Amino acid sequence: MNNREGMTLIVKTVTRLTVWIILLYGFYIIMHGHLTPGGGFAGGVILALALLNVMLAFGHKFTGEWLNIHSLEHIEAASALLFLIIGIIGIFSGGSFLINFLSHGKLFHILSAGTIPLLNLVIGLKVAMSLFLVVWVLAGLKILKGDVA
Amino acid sequence: MTIYLLCFALFLVGVYGLITKRDLIKIILSIGIMGYAANLLLILFGYRTGAIYPILTQSTSVQPMVDPLPQALVLTSIVIELGTTALLVAFAVRLFQKYKTFDITKIRRLRG
């Protein structure tokens with residue numbers, strides 16, 4: 001972590017502490033999506049911002065070594081497939097797409113609402129990975145110096 | 001009615017920037033402002049004064065709720081806006097690589 005790339009030591013130290021807290025908060029928002037405001041999209045954006053925080057503080061190169069970018073791409077592709085699989089299981093068990101095939105549970109408990117927490121988790125992973133990878137790809141483009149209007 | 005007109009004024013700010021600015025980055029920001037104004041208008045259509053958020057809670061009293069349909073619609077709209085903005089930024093980066101400028105009056109001739 002002694003590379004010269006990225007921001008100053010203060011920013012790096014604070015980021016090293018806070019990135020895990022931000023990731024935990026993102027998963028909290030995703031897992032409580034059926035009870036409180038938030039859900040898959042909002043929590044996924046928070047997860048992506050935690051990873052982007054690392055990219056801003058430590059630089060593009062360090063983040064590429066810290067995270068396995070190829071596996072993130074695989075997670076992004078697999079989450080769309082998982083959503084489809086959960087929907088198709090609904091066809092075979094109940095008769096229509098995305099029908100609820102799990103137990104409803106007790107109201108206002110965290111393990112309730114059937115398949116909605118699962119779908120929230122899948123959507124959250126998809127949003128987080130795609131949002132992070134878009135900015136990752138844009139930040140990796142080589143830009144030469146030019147005159148700005 | 002006033003809030004809808006203010007929303008339209010925000011949209012006009014975006015149109016003004018889109019028409020008058022020559023910097024590609026400022027044009028992308030103007031398109032973003034126009035999108036935010038449209039989203040804000042849709043959210044305001046569903047707003048009811050004194051209503052609560054449209055989420056089932058443990059309170060037993062029945063109160064009027066804000067319309068959740070425009071909120072779900074705007075969530076989709078925000079995602080699409082994000083995609084278009086990312087595409088525009090990618091185009092701007094490619095144009096800068098070819099022409100070495102963001103000035104749209106200087107991006108005229110084919111250059112490869």
# chains A, B, ... in the order shown; residues from 1 in each chain; ligands from 1
>>> interface_residues(of="chain A", to="chain B", cutoff="12 Å", atoms="only C-alpha atoms", output="JSON, numbers by chain")
{"A": [33, 34, 35, 36, 37, 38, 39, 40, 41, 42, 44, 45, 107, 108, 109, 127, 130, 131, 132, 133, 134, 135, 136, 137, 138, 139, 140, 141, 142, 143, 144, 145, 146, 147, 148, 149]}
>>> write_last_selection(atoms="N, CA and C atoms", output="compact mmCIF listing (two decimals), in the first residue's frame")
# COMPACT_ATOMS: atom_id res chain seq x y z
N GLY A 33 -34.78 -4.39 2.30
CA GLY A 33 -35.51 -3.73 1.22
C GLY A 33 -37.01 -3.93 1.29
N HIS A 34 -37.47 -5.04 1.87
CA HIS A 34 -38.91 -5.28 1.93
C HIS A 34 -39.55 -4.70 3.18
N LEU A 35 -38.73 -4.10 4.07
CA LEU A 35 -39.28 -3.55 5.31
C LEU A 35 -39.18 -2.04 5.39
N THR A 36 -38.09 -1.48 4.92
CA THR A 36 -37.82 -0.06 5.07
C THR A 36 -37.57 0.55 3.70
N PRO A 37 -37.53 1.89 3.60
CA PRO A 37 -37.15 2.51 2.33
C PRO A 37 -35.78 2.04 1.87
N GLY A 38 -35.61 1.93 0.57
CA GLY A 38 -34.36 1.40 0.03
C GLY A 38 -34.67 0.15 -0.76
N GLY A 39 -33.71 -0.74 -0.83
CA GLY A 39 -33.92 -1.96 -1.58
C GLY A 39 -32.73 -2.26 -2.45
N GLY A 40 -32.97 -3.06 -3.48
CA GLY A 40 -31.87 -3.52 -4.31
C GLY A 40 -31.10 -2.41 -4.99
N PHE A 41 -31.83 -1.47 -5.60
CA PHE A 41 -31.14 -0.44 -6.36
C PHE A 41 -30.34 0.49 -5.44
N ALA A 42 -31.00 0.98 -4.37
CA ALA A 42 -30.32 1.94 -3.49
C ALA A 42 -29.12 1.29 -2.80
N GLY A 44 -27.44 -1.28 -3.87
CA GLY A 44 -26.42 -1.57 -4.87
C GLY A 44 -25.58 -0.35 -5.20
N VAL A 45 -26.25 0.82 -5.25
CA VAL A 45 -25.50 2.05 -5.50
C VAL A 45 -24.53 2.31 -4.36
N LEU A 107 -45.15 -11.03 9.32
CA LEU A 107 -45.08 -9.66 8.83
C LEU A 107 -44.08 -8.86 9.68
N PHE A 108 -43.31 -8.01 9.00
CA PHE A 108 -42.31 -7.12 9.61
C PHE A 108 -41.14 -7.88 10.22
N HIS A 109 -40.93 -9.13 9.84
CA HIS A 109 -39.71 -9.84 10.23
C HIS A 109 -38.76 -9.84 9.04
N VAL A 127 -26.69 -4.12 -9.81
CA VAL A 127 -26.51 -2.67 -9.87
C VAL A 127 -25.12 -2.28 -9.41
N SER A 130 -22.44 -3.39 -12.09
CA SER A 130 -22.48 -2.68 -13.37
C SER A 130 -22.10 -1.21 -13.17
N LEU A 131 -22.58 -0.59 -12.08
CA LEU A 131 -22.24 0.81 -11.84
C LEU A 131 -20.74 0.99 -11.59
N PHE A 132 -20.15 0.04 -10.82
CA PHE A 132 -18.72 0.13 -10.57
C PHE A 132 -17.93 -0.09 -11.85
N LEU A 133 -18.35 -1.07 -12.66
CA LEU A 133 -17.56 -1.40 -13.85
C LEU A 133 -17.64 -0.30 -14.90
N VAL A 134 -18.80 0.40 -14.98
CA VAL A 134 -18.90 1.51 -15.93
C VAL A 134 -17.86 2.58 -15.60
N VAL A 135 -17.82 2.98 -14.32
CA VAL A 135 -16.86 4.03 -13.94
C VAL A 135 -15.43 3.51 -14.03
N TRP A 136 -15.24 2.22 -13.73
CA TRP A 136 -13.92 1.61 -13.82
C TRP A 136 -13.39 1.67 -15.25
N VAL A 137 -14.25 1.31 -16.21
CA VAL A 137 -13.83 1.32 -17.61
C VAL A 137 -13.56 2.75 -18.07
N LEU A 138 -14.44 3.69 -17.66
CA LEU A 138 -14.24 5.07 -18.08
C LEU A 138 -12.96 5.65 -17.47
N ALA A 139 -12.64 5.25 -16.22
CA ALA A 139 -11.44 5.78 -15.59
C ALA A 139 -10.18 5.17 -16.18
N GLY A 140 -10.30 4.00 -16.82
CA GLY A 140 -9.12 3.35 -17.38
C GLY A 140 -8.75 3.80 -18.77
N LEU A 141 -9.61 4.64 -19.39
CA LEU A 141 -9.32 5.08 -20.76
C LEU A 141 -8.14 6.03 -20.76
N LYS A 142 -7.28 5.87 -21.74
CA LYS A 142 -6.13 6.74 -21.87
C LYS A 142 -6.55 8.07 -22.49
N ILE A 143 -6.23 9.18 -21.82
CA ILE A 143 -6.57 10.51 -22.34
C ILE A 143 -5.28 11.30 -22.48
N LEU A 144 -5.00 11.74 -23.71
CA LEU A 144 -3.83 12.57 -23.94
C LEU A 144 -4.18 14.03 -23.70
N LYS A 145 -3.17 14.84 -23.56
CA LYS A 145 -3.40 16.26 -23.29
C LYS A 145 -3.93 16.95 -24.53
N GLY A 146 -4.85 17.89 -24.33
CA GLY A 146 -5.40 18.66 -25.44
C GLY A 146 -5.84 20.01 -24.94
N ASP A 147 -6.31 20.87 -25.84
CA ASP A 147 -6.80 22.19 -25.41
C ASP A 147 -8.29 22.10 -25.15
N VAL A 148 -8.69 22.53 -23.95
CA VAL A 148 -10.09 22.46 -23.54
C VAL A 148 -10.77 23.76 -23.93
N ALA A 149 -11.98 23.64 -24.45
CA ALA A 149 -12.70 24.84 -24.92
C ALA A 149 -13.03 25.76 -23.76
>>> residues_around(residues="Leu44 (chain B)", least_positions_apart="2", cutoff="12 Å", atoms="only C-alpha atoms", output="PDB file with C-alpha atoms, in the first residue's frame")
ATOM      1  CA  MET B   1     -49.111  24.995  -9.667  1.00  0.00           C
ATOM      2  CA  THR B   2     -46.082  27.066  -8.698  1.00  0.00           C
ATOM      3  CA  ILE B   3     -43.920  24.035  -8.063  1.00  0.00           C
ATOM      4  CA  TYR B   4     -44.692  22.676 -11.520  1.00  0.00           C
ATOM      5  CA  LEU B   5     -43.664  26.015 -13.061  1.00  0.00           C
ATOM      6  CA  LEU B   6     -40.449  25.976 -11.013  1.00  0.00           C
ATOM      7  CA  CYS B   7     -39.850  22.460 -12.295  1.00  0.00           C
ATOM      8  CA  PHE B   8     -40.290  23.749 -15.847  1.00  0.00           C
ATOM      9  CA  ALA B  37     -36.318  18.241 -13.958  1.00  0.00           C
ATOM     10  CA  ALA B  38     -38.441  15.581 -15.683  1.00  0.00           C
ATOM     11  CA  ASN B  39     -37.960  13.171 -12.763  1.00  0.00           C
ATOM     12  CA  LEU B  40     -38.858  15.899 -10.268  1.00  0.00           C
ATOM     13  CA  LEU B  41     -42.047  16.691 -12.169  1.00  0.00           C
ATOM     14  CA  LEU B  42     -43.122  13.038 -12.126  1.00  0.00           C
ATOM     15  CA  GLY B  46     -47.587  11.754  -7.048  1.00  0.00           C
ATOM     16  CA  TYR B  47     -47.084  14.033  -4.036  1.00  0.00           C
ATOM     17  CA  ARG B  48     -49.951  14.652  -1.639  1.00  0.00           C
ATOM     18  CA  THR B  49     -49.718  17.257   1.096  1.00  0.00           C
ATOM     19  CA  VAL B  66     -48.108   9.370  -1.412  1.00  0.00           C
ATOM     20  CA  ASP B  67     -48.632   7.700  -4.796  1.00  0.00           C
ATOM     21  CA  PRO B  68     -45.850   5.089  -5.170  1.00  0.00           C
ATOM     22  CA  LEU B  69     -46.319   4.514  -8.911  1.00  0.00           C
ATOM     23  CA  PRO B  70     -44.411   7.635 -10.112  1.00  0.00           C
ATOM     24  CA  GLN B  71     -41.640   6.787  -7.656  1.00  0.00           C
ATOM     25  CA  VAL B  74     -38.704   7.494 -11.746  1.00  0.00           C
TER      26      VAL B  74
END
>>> atom_distance(atom1="CA of Glu73 (chain A)", atom2="CA of Leu52 (chain A)")
15.5 Å
>>> residues_around(residues="Ile110 (chain A)", least_positions_apart="5", cutoff="12 Å", atoms="only C-alpha atoms", output="PyMOL selection string")
chain A and resi 28-36+104-105+116-118
>>> residues_around(residues="Gly26 (chain A)", least_positions_apart="4", cutoff="6 Å", atoms="only C-alpha atoms", output="list in words")
Gly43, Ile46 and Leu47 of chain A
>>> atom_distance(atom1="CA of His74 (chain A)", atom2="CA of Val54 (chain A)")
20.5 Å
>>> residues_around(residues="Leu98 (chain A)", least_positions_apart="3", cutoff="9 Å", atoms="only C-alpha atoms", output="list in words")
Phe83, Leu84, Ile86, Gly87, Ile88, Ile89, Gly90, Ile91, Phe101 and Thr115 of chain A
>>> write_last_selection(atoms="N, CA and C atoms", output="PDB file, in the first residue's frame")
ATOM      1  N   PHE A  83     -31.759 -13.926 -11.493  1.00  0.00           N
ATOM      2  CA  PHE A  83     -33.106 -13.324 -11.477  1.00  0.00           C
ATOM      3  C   PHE A  83     -34.047 -14.122 -12.381  1.00  0.00           C
ATOM      4  N   LEU A  84     -33.547 -14.477 -13.571  1.00  0.00           N
ATOM      5  CA  LEU A  84     -34.354 -15.248 -14.517  1.00  0.00           C
ATOM      6  C   LEU A  84     -34.690 -16.625 -13.947  1.00  0.00           C
ATOM      7  N   ILE A  86     -34.910 -17.511 -10.759  1.00  0.00           N
ATOM      8  CA  ILE A  86     -35.916 -17.382  -9.697  1.00  0.00           C
ATOM      9  C   ILE A  86     -37.299 -17.175 -10.313  1.00  0.00           C
ATOM     10  N   GLY A  87     -37.357 -16.394 -11.409  1.00  0.00           N
ATOM     11  CA  GLY A  87     -38.639 -16.199 -12.069  1.00  0.00           C
ATOM     12  C   GLY A  87     -39.179 -17.479 -12.672  1.00  0.00           C
ATOM     13  N   ILE A  88     -38.292 -18.281 -13.278  1.00  0.00           N
ATOM     14  CA  ILE A  88     -38.751 -19.496 -13.967  1.00  0.00           C
ATOM     15  C   ILE A  88     -39.142 -20.571 -12.960  1.00  0.00           C
ATOM     16  N   ILE A  89     -38.482 -20.602 -11.785  1.00  0.00           N
ATOM     17  CA  ILE A  89     -38.922 -21.520 -10.715  1.00  0.00           C
ATOM     18  C   ILE A  89     -40.372 -21.194 -10.344  1.00  0.00           C
ATOM     19  N   GLY A  90     -40.720 -19.913 -10.374  1.00  0.00           N
ATOM     20  CA  GLY A  90     -42.104 -19.516 -10.115  1.00  0.00           C
ATOM     21  C   GLY A  90     -43.065 -20.112 -11.122  1.00  0.00           C
ATOM     22  N   ILE A  91     -42.655 -20.177 -12.399  1.00  0.00           N
ATOM     23  CA  ILE A  91     -43.522 -20.783 -13.423  1.00  0.00           C
ATOM     24  C   ILE A  91     -43.793 -22.237 -13.086  1.00  0.00           C
ATOM     25  N   PHE A 101     -42.782 -18.517  -4.314  1.00  0.00           N
ATOM     26  CA  PHE A 101     -42.820 -19.947  -3.993  1.00  0.00           C
ATOM     27  C   PHE A 101     -42.257 -20.239  -2.617  1.00  0.00           C
ATOM     28  N   THR A 115     -39.861 -14.434  -1.911  1.00  0.00           N
ATOM     29  CA  THR A 115     -38.677 -14.319  -2.773  1.00  0.00           C
ATOM     30  C   THR A 115     -38.181 -12.894  -2.905  1.00  0.00           C
TER      31      THR A 115
END
>>> atom_distance(atom1="CA of Ile43 (chain B)", atom2="CA of Leu12 (chain B)")
18.1 Å
>>> select_by_dssp(residues="chain B", states="strand (DSSP E or B)", output="ChimeraX atom specification")
/B:23,52,65,103
>>> residues_around(residues="Ser71 (chain A)", least_positions_apart="6", cutoff="12 Å", atoms="only C-alpha atoms", output="count of residues only")
5
>>> select_by_dssp(residues="region 39-75 of chain B", states="alpha helix (DSSP H)", output="JSON, numbers by chain")
{"B": [39, 40, 41, 42, 43, 44, 45, 68, 69, 70, 71, 72, 73, 74, 75]}
>>> residues_around(residues="region 16-21 of chain B", least_positions_apart="3", cutoff="7 Å", atoms="only C-alpha atoms", output="ChimeraX atom specification")
/B:12-13,26-27,30-31
>>> write_last_selection(atoms="C-alpha atoms", output="PDB file, in the first residue's frame")
ATOM      1  CA  LEU B  12     -35.353  25.468 -19.166  1.00  0.00           C
ATOM      2  CA  VAL B  13     -32.012  25.861 -17.365  1.00  0.00           C
ATOM      3  CA  LYS B  26     -21.256  21.172 -20.020  1.00  0.00           C
ATOM      4  CA  ILE B  27     -23.682  19.835 -22.630  1.00  0.00           C
ATOM      5  CA  SER B  30     -27.238  20.164 -19.166  1.00  0.00           C
ATOM      6  CA  ILE B  31     -28.815  16.939 -20.411  1.00  0.00           C
TER       7      ILE B  31
END
>>> decode(residues="region 32-100 of chain B", atoms="C-alpha atoms", output="PDB file, in the first residue's frame")
ATOM      1  CA  GLY B  32     -28.538  15.651 -16.856  1.00  0.00           C
ATOM      2  CA  ILE B  33     -30.308  18.738 -15.480  1.00  0.00           C
ATOM      3  CA  MET B  34     -33.130  18.256 -17.986  1.00  0.00           C
ATOM      4  CA  GLY B  35     -33.495  14.652 -16.865  1.00  0.00           C
ATOM      5  CA  TYR B  36     -33.599  15.669 -13.204  1.00  0.00           C
ATOM      6  CA  ALA B  37     -36.318  18.241 -13.958  1.00  0.00           C
ATOM      7  CA  ALA B  38     -38.441  15.581 -15.683  1.00  0.00           C
ATOM      8  CA  ASN B  39     -37.960  13.171 -12.763  1.00  0.00           C
ATOM      9  CA  LEU B  40     -38.858  15.899 -10.268  1.00  0.00           C
ATOM     10  CA  LEU B  41     -42.047  16.691 -12.169  1.00  0.00           C
ATOM     11  CA  LEU B  42     -43.122  13.038 -12.126  1.00  0.00           C
ATOM     12  CA  ILE B  43     -42.421  12.774  -8.395  1.00  0.00           C
ATOM     13  CA  LEU B  44     -44.403  15.975  -7.749  1.00  0.00           C
ATOM     14  CA  PHE B  45     -47.409  14.545  -9.626  1.00  0.00           C
ATOM     15  CA  GLY B  46     -47.587  11.754  -7.048  1.00  0.00           C
ATOM     16  CA  TYR B  47     -47.084  14.033  -4.036  1.00  0.00           C
ATOM     17  CA  ARG B  48     -49.951  14.652  -1.639  1.00  0.00           C
ATOM     18  CA  THR B  49     -49.718  17.257   1.096  1.00  0.00           C
ATOM     19  CA  GLY B  50     -49.771  15.722   4.564  1.00  0.00           C
ATOM     20  CA  ALA B  51     -49.582  12.134   3.327  1.00  0.00           C
ATOM     21  CA  ILE B  52     -47.167   9.490   4.608  1.00  0.00           C
ATOM     22  CA  TYR B  53     -44.644   7.417   2.673  1.00  0.00           C
ATOM     23  CA  PRO B  54     -46.152   4.443   0.830  1.00  0.00           C
ATOM     24  CA  ILE B  55     -44.725   1.693   2.996  1.00  0.00           C
ATOM     25  CA  LEU B  56     -46.658  -0.730   5.171  1.00  0.00           C
ATOM     26  CA  THR B  57     -45.794   0.005   8.806  1.00  0.00           C
ATOM     27  CA  GLN B  58     -46.840  -1.379  12.155  1.00  0.00           C
ATOM     28  CA  SER B  59     -49.017   1.620  13.016  1.00  0.00           C
ATOM     29  CA  THR B  60     -52.703   0.797  13.010  1.00  0.00           C
ATOM     30  CA  SER B  61     -54.072   4.179  11.943  1.00  0.00           C
ATOM     31  CA  VAL B  62     -55.049   4.588   8.283  1.00  0.00           C
ATOM     32  CA  GLN B  63     -53.616   7.688   6.625  1.00  0.00           C
ATOM     33  CA  PRO B  64     -53.432   8.880   3.015  1.00  0.00           C
ATOM     34  CA  MET B  65     -50.266   7.772   1.256  1.00  0.00           C
ATOM     35  CA  VAL B  66     -48.108   9.370  -1.412  1.00  0.00           C
ATOM     36  CA  ASP B  67     -48.632   7.700  -4.796  1.00  0.00           C
ATOM     37  CA  PRO B  68     -45.850   5.089  -5.170  1.00  0.00           C
ATOM     38  CA  LEU B  69     -46.319   4.514  -8.911  1.00  0.00           C
ATOM     39  CA  PRO B  70     -44.411   7.635 -10.112  1.00  0.00           C
ATOM     40  CA  GLN B  71     -41.640   6.787  -7.656  1.00  0.00           C
ATOM     41  CA  ALA B  72     -41.175   3.316  -9.170  1.00  0.00           C
ATOM     42  CA  LEU B  73     -41.316   4.884 -12.640  1.00  0.00           C
ATOM     43  CA  VAL B  74     -38.704   7.494 -11.746  1.00  0.00           C
ATOM     44  CA  LEU B  75     -36.423   4.819 -10.296  1.00  0.00           C
ATOM     45  CA  THR B  76     -36.385   3.162 -13.723  1.00  0.00           C
ATOM     46  CA  SER B  77     -35.934   6.550 -15.363  1.00  0.00           C
ATOM     47  CA  ILE B  78     -32.902   7.306 -13.173  1.00  0.00           C
ATOM     48  CA  VAL B  79     -31.274   4.032 -14.210  1.00  0.00           C
ATOM     49  CA  ILE B  80     -31.862   4.750 -17.902  1.00  0.00           C
ATOM     50  CA  GLU B  81     -30.506   8.272 -17.427  1.00  0.00           C
ATOM     51  CA  LEU B  82     -27.401   6.796 -15.836  1.00  0.00           C
ATOM     52  CA  GLY B  83     -26.913   4.560 -18.856  1.00  0.00           C
ATOM     53  CA  THR B  84     -27.317   7.403 -21.337  1.00  0.00           C
ATOM     54  CA  THR B  85     -24.947   9.607 -19.342  1.00  0.00           C
ATOM     55  CA  ALA B  86     -22.313   6.872 -19.285  1.00  0.00           C
ATOM     56  CA  LEU B  87     -22.708   6.446 -23.058  1.00  0.00           C
ATOM     57  CA  LEU B  88     -22.381  10.214 -23.627  1.00  0.00           C
ATOM     58  CA  VAL B  89     -19.269  10.383 -21.451  1.00  0.00           C
ATOM     59  CA  ALA B  90     -17.741   7.478 -23.368  1.00  0.00           C
ATOM     60  CA  PHE B  91     -18.489   9.302 -26.640  1.00  0.00           C
ATOM     61  CA  ALA B  92     -16.929  12.487 -25.256  1.00  0.00           C
ATOM     62  CA  VAL B  93     -13.774  10.604 -24.260  1.00  0.00           C
ATOM     63  CA  ARG B  94     -13.495   9.038 -27.717  1.00  0.00           C
ATOM     64  CA  LEU B  95     -14.000  12.435 -29.367  1.00  0.00           C
ATOM     65  CA  PHE B  96     -11.312  13.931 -27.131  1.00  0.00           C
ATOM     66  CA  GLN B  97      -8.924  11.152 -28.111  1.00  0.00           C
ATOM     67  CA  LYS B  98      -9.457  11.918 -31.806  1.00  0.00           C
ATOM     68  CA  TYR B  99      -9.756  15.719 -31.808  1.00  0.00           C
ATOM     69  CA  LYS B 100      -7.859  16.773 -28.621  1.00  0.00           C
TER      70      LYS B 100
END
